[in-house]
Amino acid sequence: MKDSQARTIYLKDYKAPDYLVDRTNLTFDLDPHATLVRSHLKVRRNPAVAQDGEILPPLWLDGVDLELLSVSLDGELLPAQRYEEKPGGLSLKVDRSEFDLEVQTRIAPEANTSLEGLYLSNGMYCTQCEAEGFRKITFYPDRPDVMSVFTTTIIAPPSYPVLLSNGNKVDSGTTEDGRLRVTWEDPFAKPSYLFALVGGDLQHVEDSFITSSGRKVKLQLFTEARNIGKCAHAMTSLKRSMRWDEEVYGREYDLDIFMIVAVDHFNMGAMENKGLNIFNSACVLASPETATDAAFQRIESIVAHEYFHNWSGNRVTCRDWFQLSLKEGFTVFRDAEFSADMNSRAVKRIEDVILLRTSQFAEDAGPMSHPVRPDSYMEISNFYTLTVYEKGAEVVRMIHTILGPEAFRRGSDLYFKRHDGCAVTCEDFVKAMEDASGADLTQFRRWYSQAGTPVLDVEDAFDEEKGEYFLTIRQHTPDTPGQKDKLPLHIPVTMGLLGEDGTPQPIDANGEVEMVLHLTEASQTFTFSGIASRPVPSLLRGFSAPVRLHYDYSSTQLQFLMQHDTDPFNRWDACQRLALNSLQVLQQQYRAGETLQVPETLIDGYAAVLDDETLDPALVAKMLTLPSAQELAEQEGKIDAAAIIAARTFLRDAVATALGERFLARYHALETCRPYTPSAADIAERSLKNTCLAYLCASGNEDALMLAKAQFDRGENMTDTAASLATLVEFGPRERAELVLEAFYQQWQQDTQVVEIWFGLQSGSPTFGTLERVQKLMEHPAFEMKNPNKVRAVIAGFAMRNFTQFHREDGQGYRFLADQVIALDKLNPQIAARLVTPLTRWKKYREQESRQIHSALLRISDSGTLSRDLYEVVSKSLDQS
Ligand code: TRP
Ligand code: ZN
């Protein structure tokens with residue numbers, strides 16, 4: 001296997017920068033094929049590393065895919081022998097410790113399909129600089145510990161009337177040849193990864209926000225004209241985020257203007273560039289007619305996430321990219337709490353935990369496993385992972401649990417105050433939390449350096465005579481690539497005990513009914529006295545730590561917890577455990593060639609949940625949703641795709657048959673004629689209604705399919721329309737399904753976002769998303785290999801969300817994915833490296849699948865020169881012994 005430039009970077013090799021850049025003045029002359037970039041830097045030897053009488057080291061400037069036109073130092077054009085262009089940058093001989101440097105380069109945004117650096121999206125200029133994209137714009141010390149004050153001038157033809165960059169607009173006019181010229185100045189020193197530029201023919205909506213100290217901030221959201229009607233929800237979300245960050249963290253916004261721009265071509269969700277956030281249009285634009293509830297909620301949380309970065313990321317930034325979780329883990333924790341406050345806390349927690357257990361646990365157990373703070377990387381883009389983001393957020397949440405909310409707030413205040421304007425480390429964060437609270441987080445720090453998901457084995461005993469109850473908890477973390485013999489972690493386990501009649505038992509001297517157990521050793525026993533009868537333990541409430549917890553619950557105990565636990569998260573979790581147990585039994589029966597048996601306990605449990613009118617409908621919907629095939633796969637030692645599918649389908653049909661009348665009654669009860677709102681209460685009702693509809697149709701019942709069709713025809717909002725369409729596609733007769741799919745496309749073909757839903761419904765469907773159909777979708781005029789959203793809808797929809805078809809027996813699913821990854825790597829390495837993920841888990845499968853997946857990986861590695869992104873993932877995956 002060849003790669004363009006494999007090199008491993010280690011955290012232990014970190015060195016402070018040789019030079020600092022106090023000011024960065026940029027001028028862009030925009031042109032699709034030849035954009036001229038002039039950069040004027042005020043450079044100074046870093047006093048922190050300078051020594052008396054030293055010989056000055058050369059100045060290193062990162063640069064990739066740039067055409068260098070000229071370099072001047074203090075106004076003097078440098079001859080070629082003063083600098084050397086090397087792979088990845090420019091090395092410059094320096095003879096003074098302070099100087100002005102001018103560099104001119106030429107770049108071609110039109111040809112840039114990597115969506116990193118400066119590129120075009122539907123004819124609009126935009127940038128993406130995190131993590132290392134700025135080096136595709138100009139030669140620069142492109143590392144987050146170099147912070148500079150930026151001034152940006154943009155020159156463009158009048159057909160690009162909107163020209164934006166970070167900070168405040170300080171000047172505008174026209175050039176002699178009639179082009180537009182605008183200058184922006186950002187007073188806050190920032191690393192280059194937070195730089196942004198936008199140029200296009202855009203419309204905007206405007207609003208304002210008065211901060212807690214009474215300053216008025218202008219809020220603007222820019223999009224192409226056709227999308228201007230889809231901005232309201234993001235604007236509302238932004239104002240709520242601004243208020244929440246003042247109230248919960250005491251953080252006020254710091255500039256007079258905050259802008260958001262929506263672009264169609266984007267590698268991730270959104271980017272927190274200072275004062276000028278750039279969003280994937282799918283993560284910001286919504287209307288009731290075109291966006292689902294899930295999209296509304298995603299928008300609310302991503303708008304908040306990027307806004308919150310203004311403090312956790314921008315004002316206080318990362319020293320180096322190993323510290324990525326410093327900003328991402330903390331900011332995900334902040335946005336999750338925001339969403340929990342705006343909506344149902346329990347439901348938000350359940351959704352996050354499903355993601356963690358299904359995908360982060362799999363990452364932690366796979367070949368790319370890494371700690372929240374990685375020790376090394378080849379390509380940093382590969383480390384924008386569930387581990388850094390989601391597990392990183394869990395680590396912050398555990399600190400919150402250990403310290404309690406008041407001390408945590410003192411800790412965050414201290415962190416922001418102590419490090420404002422600085423580029424710092426995860427250690428600095430933990431230290432601030434310790435200093436403000438007096439807590440000792442020495443052992444807790446291992447969460448940052450140790451990879452892998454800890455396993456907790458819990459056993460209990462009851463001494464009836466003494467009224468004592470004992471919980472023994474053992475912890476161990478499995479080996480991960482490059483990391484053996486893990487040490488015990490400090491794990492907070494929030495728990496309670498329920499008495500025979502379902503009431504919470506007082507468990508400490510103060511009569512508290514809930515407490516946090518602090519596990520610090522490999523094995524520990526906790527004793528509870530004054531317990532009258534054998535209790536049922538409710539463990540790891542709210543998922544207080546990202547671990548796998550094993551306790552041998554009986555079905556009766558789980559049913560009991562489903563009904564009586566005071567923690568709604570654990571009620572759901574008990575229900576999930578019961579379903580998982582049933583599905584495991586069904587898989588065994590399938591493998592043994594036995595007749596599958598209907599699990600009556602689970603069905604009774606579901607019936608009780610459906611009958612309980614006091615439960616939040618959204619929680620009911622979550623409880624009645626079977627664990628996904630992916631989640632089941634994650635539970636297995638060796639994945640048997642056929643057994644998983646058979647068990648899941650059988651159970652779904654059994655539930656549908658047994659509870660049909662209840663589903664129907666509940667479905668009708670939840671039908672409303674109220675106009676759409678994305679409020680938590682309405683979303684909850686729609687989610688349960690559509691869960692009922694899916695079960696009703698699962699049995700193929702004609703009356704039920706008519707209900708789905710009627711809901712589709714009413715077309716009240718995209719949530720209900722998409723849900724009924726998905727149901728008809730999955731369970732309806734083939735020809736009719738084709739007709740509704742076609743009707744849907746005809747109605748919505750002008751709307752890219754709805755077309756993405758349409759793609760996803762097909763590629764992800766176990767019946768429709770066959771390989772042949774997916775290949776045909778790739779020839780559809782609306783498909784675009786250069787647009788990551790389309791690739792995600794069609795190719796990832798098939799490879800990551802269509803367990804049944806992707807794992808077809810002849811291995812063609814794997815081969816198809818390999819071919820697409822190879823093709824994509826030429827266009828967009830970041831997306832190629834993400835898309836290959838399903839092939840990296842070959843070791844988890846049984847022999848035949850394992851061999852097929854492995855040879856698909858080999859097919860990629862033999863295909864020629866790979867990008868550094870893809871090379872890292874493929875080589876690490878093939879390396880598993
Ligand atoms: N910092 C962004 C976020 O979490 C992540 C991001 C956006 C990103 N675009 C990217 C990371 C491109 C790598 C590459 O909010
Ligand atoms: Zn982020």
# chains A, B, ... in the order shown; residues from 1 in each chain; ligands from 1
call {"tool": "residues_near_ligand", "arguments": {"ligand": "ligand 1", "cutoff": "8 Å", "atoms": "only C-alpha atoms and all ligand atoms", "output": "ChimeraX atom specification"}}
result
/A:116,128-131,266-272,302,305-306,309,328,381,384,389,830
call {"tool": "select_by_dssp", "arguments": {"residues": "range 135-289 of chain A", "states": "helix (DSSP H, G or I)", "output": "number ranges by chain"}}
result
A: 135-136, 192-194, 225-230, 232-249, 281-283
call {"tool": "residues_around", "arguments": {"residues": "Phe408 in chain A", "least_positions_apart": "3", "cutoff": "12 Å", "atoms": "only C-alpha atoms", "output": "PyMOL selection string"}}
result
chain A and resi 248-249+396-405+411-415+429-439
call {"tool": "write_last_selection", "arguments": {"atoms": "N, CA, C and O atoms", "output": "compact mmCIF listing (two decimals), in the first residue's frame"}}
result
# COMPACT_ATOMS: atom_id res chain seq x y z
N VAL A 248 -26.49 29.74 32.48
CA VAL A 248 -25.92 28.53 33.07
C VAL A 248 -24.41 28.62 33.27
O VAL A 248 -23.87 28.08 34.22
N TYR A 249 -23.71 29.32 32.37
CA TYR A 249 -22.25 29.42 32.50
C TYR A 249 -21.74 30.84 32.70
O TYR A 249 -20.54 31.06 32.78
N VAL A 396 -16.47 14.83 30.83
CA VAL A 396 -16.83 16.10 31.47
C VAL A 396 -18.07 15.90 32.35
O VAL A 396 -18.16 16.41 33.46
N ARG A 397 -19.02 15.11 31.87
CA ARG A 397 -20.23 14.84 32.65
C ARG A 397 -19.87 14.15 33.98
O ARG A 397 -20.44 14.47 35.03
N MET A 398 -18.90 13.24 33.94
CA MET A 398 -18.49 12.57 35.18
C MET A 398 -17.87 13.57 36.16
O MET A 398 -18.08 13.47 37.37
N ILE A 399 -17.09 14.51 35.64
CA ILE A 399 -16.53 15.55 36.52
C ILE A 399 -17.69 16.32 37.16
O ILE A 399 -17.69 16.59 38.36
N HIS A 400 -18.69 16.63 36.35
CA HIS A 400 -19.88 17.33 36.86
C HIS A 400 -20.55 16.50 37.96
O HIS A 400 -20.96 17.03 39.00
N THR A 401 -20.64 15.20 37.76
CA THR A 401 -21.27 14.32 38.75
C THR A 401 -20.43 14.25 40.03
O THR A 401 -20.96 14.30 41.14
N ILE A 402 -19.12 14.16 39.87
CA ILE A 402 -18.24 14.02 41.04
C ILE A 402 -18.23 15.33 41.84
O ILE A 402 -18.30 15.32 43.07
N LEU A 403 -18.18 16.46 41.16
CA LEU A 403 -18.08 17.75 41.84
C LEU A 403 -19.43 18.29 42.31
O LEU A 403 -19.50 19.04 43.28
N GLY A 404 -20.49 17.94 41.60
CA GLY A 404 -21.79 18.57 41.86
C GLY A 404 -21.87 19.87 41.07
O GLY A 404 -20.84 20.44 40.70
N PRO A 405 -23.12 20.34 40.80
CA PRO A 405 -23.28 21.48 39.89
C PRO A 405 -22.62 22.78 40.35
O PRO A 405 -22.03 23.49 39.53
N GLY A 411 -15.61 25.74 38.85
CA GLY A 411 -14.50 25.22 38.03
C GLY A 411 -14.50 25.80 36.63
O GLY A 411 -13.46 26.20 36.11
N SER A 412 -15.69 25.87 36.00
CA SER A 412 -15.71 26.41 34.63
C SER A 412 -15.41 27.90 34.65
O SER A 412 -14.71 28.41 33.78
N ASP A 413 -15.92 28.61 35.66
CA ASP A 413 -15.59 30.04 35.77
C ASP A 413 -14.08 30.24 35.88
O ASP A 413 -13.50 31.10 35.19
N LEU A 414 -13.46 29.43 36.71
CA LEU A 414 -12.02 29.56 36.90
C LEU A 414 -11.27 29.23 35.61
O LEU A 414 -10.33 29.92 35.21
N TYR A 415 -11.72 28.18 34.96
CA TYR A 415 -11.10 27.77 33.69
C TYR A 415 -11.15 28.91 32.66
O TYR A 415 -10.14 29.26 32.05
N PHE A 429 -7.76 22.07 32.04
CA PHE A 429 -9.19 22.01 32.37
C PHE A 429 -9.41 21.26 33.68
O PHE A 429 -10.09 21.76 34.59
N VAL A 430 -8.80 20.10 33.78
CA VAL A 430 -8.98 19.29 34.99
C VAL A 430 -8.43 20.03 36.22
O VAL A 430 -9.05 20.05 37.28
N LYS A 431 -7.30 20.69 36.02
CA LYS A 431 -6.68 21.43 37.12
C LYS A 431 -7.60 22.54 37.62
O LYS A 431 -7.74 22.73 38.83
N ALA A 432 -8.22 23.25 36.71
CA ALA A 432 -9.14 24.32 37.12
C ALA A 432 -10.30 23.73 37.91
O ALA A 432 -10.74 24.30 38.92
N MET A 433 -10.81 22.58 37.46
CA MET A 433 -11.91 21.92 38.17
C MET A 433 -11.46 21.52 39.58
O MET A 433 -12.21 21.67 40.54
N GLU A 434 -10.24 21.02 39.70
CA GLU A 434 -9.71 20.64 41.01
C GLU A 434 -9.53 21.86 41.90
O GLU A 434 -9.96 21.89 43.05
N ASP A 435 -8.89 22.89 41.36
CA ASP A 435 -8.57 24.07 42.16
C ASP A 435 -9.83 24.75 42.68
O ASP A 435 -9.84 25.29 43.78
N ALA A 436 -10.88 24.74 41.88
CA ALA A 436 -12.10 25.44 42.29
C ALA A 436 -12.93 24.62 43.26
O ALA A 436 -13.81 25.15 43.94
N SER A 437 -12.69 23.31 43.32
CA SER A 437 -13.58 22.45 44.11
C SER A 437 -12.89 21.78 45.28
O SER A 437 -13.55 21.31 46.21
N GLY A 438 -11.57 21.68 45.23
CA GLY A 438 -10.86 20.93 46.25
C GLY A 438 -10.91 19.42 46.03
O GLY A 438 -10.35 18.65 46.80
N ALA A 439 -11.57 18.98 44.95
CA ALA A 439 -11.62 17.53 44.67
C ALA A 439 -10.26 17.05 44.17
O ALA A 439 -9.48 17.83 43.62
call {"tool": "closest_residue", "arguments": {"among": "A:Ser97, A:Ser325, A:Val162, A:Pro144", "to": "ligand 2", "atoms": "only C-alpha atoms and all ligand atoms"}}
result
A:Ser325
call {"tool": "residues_around", "arguments": {"residues": "Lys230 in chain A", "least_positions_apart": "2", "cutoff": "10 Å", "atoms": "only C-alpha atoms", "output": "CSV table (one decimal) with N, CA, C and O atoms, in the first residue's frame"}}
result
chain,number,residue,atom,x,y,z
A,205,VAL,N,-31.5,36.7,6.8
A,205,VAL,CA,-32.5,37.2,7.7
A,205,VAL,C,-31.7,37.8,8.9
A,205,VAL,O,-30.5,37.4,9.2
A,223,THR,N,-28.2,32.6,3.4
A,223,THR,CA,-28.4,31.4,2.6
A,223,THR,C,-28.6,31.9,1.2
A,223,THR,O,-28.9,33.1,0.9
A,226,ARG,N,-33.3,30.7,-2.4
A,226,ARG,CA,-34.3,29.7,-2.4
A,226,ARG,C,-34.6,29.1,-1.0
A,226,ARG,O,-35.6,28.5,-0.7
A,227,ASN,N,-33.6,29.3,-0.1
A,227,ASN,CA,-33.7,28.8,1.3
A,227,ASN,C,-34.1,29.8,2.3
A,227,ASN,O,-34.1,29.5,3.5
A,228,ILE,N,-34.4,31.0,1.9
A,228,ILE,CA,-34.5,32.1,2.9
A,228,ILE,C,-35.7,31.8,3.9
A,228,ILE,O,-35.7,32.3,5.0
A,232,ALA,N,-35.9,30.4,10.3
A,232,ALA,CA,-36.5,30.8,11.6
A,232,ALA,C,-36.1,30.0,12.7
A,232,ALA,O,-35.7,30.5,13.8
A,233,HIS,N,-36.1,28.7,12.5
A,233,HIS,CA,-35.8,27.8,13.7
A,233,HIS,C,-34.3,28.0,14.1
A,233,HIS,O,-34.1,28.0,15.4
A,234,ALA,N,-33.4,28.1,13.2
A,234,ALA,CA,-32.0,28.3,13.6
A,234,ALA,C,-31.9,29.6,14.4
A,234,ALA,O,-31.1,29.7,15.4
A,235,MET,N,-32.6,30.6,13.9
A,235,MET,CA,-32.4,31.9,14.6
A,235,MET,C,-33.0,31.8,16.0
A,235,MET,O,-32.4,32.3,17.0
A,281,SER,N,-25.9,23.0,5.2
A,281,SER,CA,-27.3,23.4,5.2
A,281,SER,C,-28.2,22.5,5.9
A,281,SER,O,-29.2,22.9,6.4
A,284,VAL,N,-28.9,23.5,9.5
A,284,VAL,CA,-29.3,24.8,9.9
A,284,VAL,C,-30.7,25.2,9.3
A,284,VAL,O,-31.5,25.9,9.9
A,285,LEU,N,-31.0,24.7,8.1
A,285,LEU,CA,-32.2,25.1,7.4
A,285,LEU,C,-33.3,24.1,7.7
A,285,LEU,O,-33.2,22.9,7.6
A,286,ALA,N,-34.5,24.6,8.0
A,286,ALA,CA,-35.7,23.8,8.3
A,286,ALA,C,-37.0,24.5,8.1
A,286,ALA,O,-37.1,25.7,8.4
A,287,SER,N,-38.0,23.8,7.6
A,287,SER,CA,-39.3,24.3,7.7
A,287,SER,C,-40.2,23.0,8.0
A,287,SER,O,-39.8,21.9,7.7
A,288,PRO,N,-41.4,23.2,8.6
A,288,PRO,CA,-42.2,22.1,8.9
A,288,PRO,C,-42.5,21.2,7.7
A,288,PRO,O,-42.6,20.0,7.9
A,289,GLU,N,-42.7,21.8,6.6
A,289,GLU,CA,-43.0,21.0,5.4
A,289,GLU,C,-41.9,20.2,4.9
A,289,GLU,O,-42.1,19.1,4.2
A,290,THR,N,-40.6,20.6,5.2
A,290,THR,CA,-39.5,19.9,4.5
A,290,THR,C,-38.5,19.2,5.5
A,290,THR,O,-37.7,18.4,5.1
A,291,ALA,N,-38.7,19.5,6.8
A,291,ALA,CA,-37.7,18.9,7.8
A,291,ALA,C,-38.4,18.1,8.8
A,291,ALA,O,-39.5,18.4,9.3
call {"tool": "closest_residue", "arguments": {"among": "A:Glu779, A:Asp335, A:Asp640, A:Asp100", "to": "ligand 2", "atoms": "only C-alpha atoms and all ligand atoms"}}
result
A:Asp335
call {"tool": "residues_around", "arguments": {"residues": "Asp720 in chain A", "least_positions_apart": "6", "cutoff": "12 Å", "atoms": "only C-alpha atoms", "output": "PyMOL selection string"}}
result
chain A and resi 288-294+671-672+676+682-683+685-691+693-694+707-714+726-727
call {"tool": "write_last_selection", "arguments": {"atoms": "N, CA, C and O atoms", "output": "short mmCIF file (atom, residue, chain, number, x, y, z; two decimals), in the first residue's frame"}}
result
data_model
loop_
_atom_site.label_atom_id
_atom_site.label_comp_id
_atom_site.auth_asym_id
_atom_site.auth_seq_id
_atom_site.Cartn_x
_atom_site.Cartn_y
_atom_site.Cartn_z
N PRO A 288 -41.37 23.25 8.58
CA PRO A 288 -42.21 22.09 8.94
C PRO A 288 -42.51 21.20 7.74
O PRO A 288 -42.60 19.97 7.87
N GLU A 289 -42.67 21.81 6.56
CA GLU A 289 -43.03 21.02 5.37
C GLU A 289 -41.87 20.16 4.90
O GLU A 289 -42.08 19.15 4.24
N THR A 290 -40.62 20.59 5.17
CA THR A 290 -39.49 19.89 4.54
C THR A 290 -38.55 19.20 5.53
O THR A 290 -37.69 18.45 5.09
N ALA A 291 -38.67 19.49 6.81
CA ALA A 291 -37.70 18.90 7.75
C ALA A 291 -38.41 18.07 8.81
O ALA A 291 -39.51 18.43 9.26
N THR A 292 -37.78 16.99 9.23
CA THR A 292 -38.37 16.13 10.26
C THR A 292 -38.06 16.68 11.66
O THR A 292 -37.18 17.52 11.83
N ASP A 293 -38.78 16.14 12.63
CA ASP A 293 -38.51 16.51 14.02
C ASP A 293 -37.04 16.28 14.37
O ASP A 293 -36.42 17.10 15.05
N ALA A 294 -36.51 15.18 13.90
CA ALA A 294 -35.10 14.88 14.18
C ALA A 294 -34.21 16.00 13.65
O ALA A 294 -33.26 16.42 14.31
N GLU A 671 -53.60 11.19 17.01
CA GLU A 671 -53.82 12.00 15.81
C GLU A 671 -54.35 13.37 16.25
O GLU A 671 -55.23 13.45 17.09
N THR A 672 -53.79 14.42 15.69
CA THR A 672 -54.29 15.75 16.06
C THR A 672 -54.45 16.57 14.80
O THR A 672 -53.93 16.22 13.74
N TYR A 676 -48.29 22.26 13.05
CA TYR A 676 -46.98 21.75 13.48
C TYR A 676 -46.22 22.74 14.35
O TYR A 676 -46.11 23.91 14.02
N ASP A 682 -45.00 18.12 21.38
CA ASP A 682 -45.53 17.68 20.08
C ASP A 682 -44.64 16.63 19.43
O ASP A 682 -45.12 15.66 18.82
N ILE A 683 -43.34 16.82 19.56
CA ILE A 683 -42.41 15.83 18.99
C ILE A 683 -42.63 14.48 19.67
O ILE A 683 -42.65 13.43 19.02
N GLU A 685 -45.40 13.30 20.96
CA GLU A 685 -46.62 12.66 20.47
C GLU A 685 -46.43 12.08 19.07
O GLU A 685 -46.87 10.97 18.78
N ARG A 686 -45.76 12.85 18.22
CA ARG A 686 -45.54 12.31 16.87
C ARG A 686 -44.65 11.07 16.91
O ARG A 686 -44.86 10.12 16.15
N SER A 687 -43.68 11.07 17.80
CA SER A 687 -42.78 9.92 17.80
C SER A 687 -43.52 8.66 18.23
O SER A 687 -43.34 7.59 17.65
N LEU A 688 -44.40 8.77 19.23
CA LEU A 688 -45.14 7.58 19.64
C LEU A 688 -46.16 7.18 18.57
O LEU A 688 -46.31 6.00 18.25
N LYS A 689 -46.81 8.18 18.00
CA LYS A 689 -47.79 7.88 16.96
C LYS A 689 -47.13 7.09 15.82
O LYS A 689 -47.65 6.07 15.36
N ASN A 690 -45.96 7.54 15.40
CA ASN A 690 -45.31 6.89 14.26
C ASN A 690 -44.67 5.55 14.64
O ASN A 690 -44.53 4.67 13.79
N THR A 691 -44.31 5.40 15.91
CA THR A 691 -43.85 4.08 16.37
C THR A 691 -45.01 3.09 16.29
O THR A 691 -44.84 1.95 15.84
N LEU A 693 -47.58 3.31 14.33
CA LEU A 693 -47.89 3.06 12.91
C LEU A 693 -46.95 2.00 12.32
O LEU A 693 -47.38 1.10 11.60
N ALA A 694 -45.68 2.11 12.66
CA ALA A 694 -44.71 1.15 12.11
C ALA A 694 -45.04 -0.27 12.59
O ALA A 694 -45.00 -1.22 11.80
N LEU A 707 -53.94 3.22 6.66
CA LEU A 707 -53.70 4.34 7.60
C LEU A 707 -52.42 5.08 7.22
O LEU A 707 -52.38 6.32 7.21
N ALA A 708 -51.40 4.30 6.93
CA ALA A 708 -50.11 4.91 6.56
C ALA A 708 -50.28 5.73 5.27
O ALA A 708 -49.76 6.85 5.16
N LYS A 709 -51.01 5.16 4.33
CA LYS A 709 -51.21 5.87 3.06
C LYS A 709 -51.99 7.16 3.29
O LYS A 709 -51.67 8.21 2.70
N ALA A 710 -53.00 7.08 4.15
CA ALA A 710 -53.79 8.28 4.44
C ALA A 710 -52.91 9.35 5.09
O ALA A 710 -52.99 10.54 4.76
N GLN A 711 -52.07 8.93 5.99
CA GLN A 711 -51.16 9.88 6.64
C GLN A 711 -50.22 10.50 5.61
O GLN A 711 -49.95 11.71 5.63
N PHE A 712 -49.73 9.67 4.71
CA PHE A 712 -48.86 10.16 3.63
C PHE A 712 -49.60 11.18 2.77
O PHE A 712 -49.08 12.26 2.48
N ASP A 713 -50.82 10.86 2.41
CA ASP A 713 -51.59 11.75 1.53
C ASP A 713 -51.93 13.08 2.21
O ASP A 713 -51.99 14.11 1.55
N ARG A 714 -52.17 13.02 3.53
CA ARG A 714 -52.45 14.29 4.23
C ARG A 714 -51.25 15.21 4.16
O ARG A 714 -51.39 16.42 4.08
N ALA A 726 -41.70 5.80 4.97
CA ALA A 726 -40.76 4.74 5.37
C ALA A 726 -41.51 3.44 5.65
O ALA A 726 -41.09 2.35 5.26
N THR A 727 -42.66 3.56 6.31
CA THR A 727 -43.47 2.39 6.64
C THR A 727 -44.00 1.72 5.38
O THR A 727 -43.93 0.49 5.25
#
call {"tool": "residues_around", "arguments": {"residues": "range 446-459 of chain A", "least_positions_apart": "2", "cutoff": "9 Å", "atoms": "only C-alpha atoms", "output": "PyMOL selection string"}}
result
chain A and resi 360-361+363-365+369-375+387+392+395+426+442-444+461+470-481+483+486-490+546-552
call {"tool": "residues_around", "arguments": {"residues": "range 464-468 of chain A", "least_positions_apart": "3", "cutoff": "12 Å", "atoms": "only C-alpha atoms", "output": "ChimeraX atom specification"}}
result
/A:460-461,471,507,526-535
call {"tool": "write_last_selection", "arguments": {"atoms": "N, CA, C and O atoms", "output": "mmCIF file, in the first residue's frame"}}
result
data_model
loop_
_atom_site.group_PDB
_atom_site.id
_atom_site.type_symbol
_atom_site.label_atom_id
_atom_site.label_comp_id
_atom_site.auth_asym_id
_atom_site.auth_seq_id
_atom_site.Cartn_x
_atom_site.Cartn_y
_atom_site.Cartn_z
ATOM 1 N N ASP A 460 -24.382 -9.054 44.025
ATOM 2 C CA ASP A 460 -24.915 -8.551 45.287
ATOM 3 C C ASP A 460 -25.230 -9.690 46.233
ATOM 4 O O ASP A 460 -25.260 -10.858 45.844
ATOM 5 N N ALA A 461 -25.419 -9.329 47.499
ATOM 6 C CA ALA A 461 -25.784 -10.321 48.519
ATOM 7 C C ALA A 461 -26.620 -9.605 49.556
ATOM 8 O O ALA A 461 -26.501 -8.386 49.729
ATOM 9 N N LEU A 471 -23.042 -4.750 47.707
ATOM 10 C CA LEU A 471 -22.813 -4.693 46.253
ATOM 11 C C LEU A 471 -21.311 -4.812 46.023
ATOM 12 O O LEU A 471 -20.533 -4.000 46.549
ATOM 13 N N ILE A 507 -30.678 4.993 51.735
ATOM 14 C CA ILE A 507 -29.454 4.190 51.647
ATOM 15 C C ILE A 507 -28.256 4.802 52.355
ATOM 16 O O ILE A 507 -27.178 4.244 52.333
ATOM 17 N N PHE A 526 -19.559 -2.455 48.559
ATOM 18 C CA PHE A 526 -20.270 -1.375 49.249
ATOM 19 C C PHE A 526 -21.363 -2.003 50.098
ATOM 20 O O PHE A 526 -22.079 -2.895 49.633
ATOM 21 N N THR A 527 -21.481 -1.543 51.335
ATOM 22 C CA THR A 527 -22.454 -2.121 52.266
ATOM 23 C C THR A 527 -23.542 -1.101 52.574
ATOM 24 O O THR A 527 -23.248 0.066 52.834
ATOM 25 N N PHE A 528 -24.789 -1.562 52.545
ATOM 26 C CA PHE A 528 -25.928 -0.700 52.886
ATOM 27 C C PHE A 528 -26.652 -1.354 54.051
ATOM 28 O O PHE A 528 -27.023 -2.525 53.961
ATOM 29 N N SER A 529 -26.855 -0.596 55.125
ATOM 30 C CA SER A 529 -27.518 -1.232 56.273
ATOM 31 C C SER A 529 -28.913 -0.651 56.479
ATOM 32 O O SER A 529 -29.277 0.370 55.884
ATOM 33 N N GLY A 530 -29.654 -1.340 57.349
ATOM 34 C CA GLY A 530 -31.030 -0.915 57.606
ATOM 35 C C GLY A 530 -31.951 -1.217 56.455
ATOM 36 O O GLY A 530 -32.943 -0.512 56.214
ATOM 37 N N ILE A 531 -31.654 -2.257 55.711
ATOM 38 C CA ILE A 531 -32.482 -2.631 54.555
ATOM 39 C C ILE A 531 -33.379 -3.796 54.974
ATOM 40 O O ILE A 531 -32.886 -4.858 55.363
ATOM 41 N N ALA A 532 -34.679 -3.590 54.889
ATOM 42 C CA ALA A 532 -35.613 -4.557 55.466
ATOM 43 C C ALA A 532 -35.728 -5.847 54.650
ATOM 44 O O ALA A 532 -35.752 -6.944 55.216
ATOM 45 N N SER A 533 -35.826 -5.703 53.345
ATOM 46 C CA SER A 533 -35.954 -6.919 52.533
ATOM 47 C C SER A 533 -35.074 -6.779 51.311
ATOM 48 O O SER A 533 -34.632 -5.661 50.976
ATOM 49 N N ARG A 534 -34.845 -7.877 50.641
ATOM 50 C CA ARG A 534 -33.918 -7.856 49.513
ATOM 51 C C ARG A 534 -34.355 -6.823 48.466
ATOM 52 O O ARG A 534 -35.436 -6.946 47.874
ATOM 53 N N PRO A 535 -33.536 -5.810 48.206
ATOM 54 C CA PRO A 535 -33.945 -4.750 47.270
ATOM 55 C C PRO A 535 -33.582 -5.104 45.827
ATOM 56 O O PRO A 535 -32.806 -6.017 45.588
#
call {"tool": "atom_distance", "arguments": {"atom1": "CA of Gln852 in chain A", "atom2": "CA of Lys790 in chain A"}}
result
26.4 Å
call {"tool": "atom_distance", "arguments": {"atom1": "CA of Ser70 in chain A", "atom2": "CA of Pro141 in chain A"}}
result
17.1 Å
call {"tool": "closest_residue", "arguments": {"among": "A:Gly502, A:Gly797, A:Gly313, A:Pro678", "to": "ligand 2", "atoms": "only C-alpha atoms and all ligand atoms"}}
result
A:Gly313
call {"tool": "atom_distance", "arguments": {"atom1": "CA of Thr183 in chain A", "atom2": "CA of Phe150 in chain A"}}
result
10.6 Å
call {"tool": "select_by_dssp", "arguments": {"residues": "range 293-329 of chain A", "states": "strand (DSSP E or B)", "output": "PyMOL selection string"}}
result
chain A and resi 312+316-318
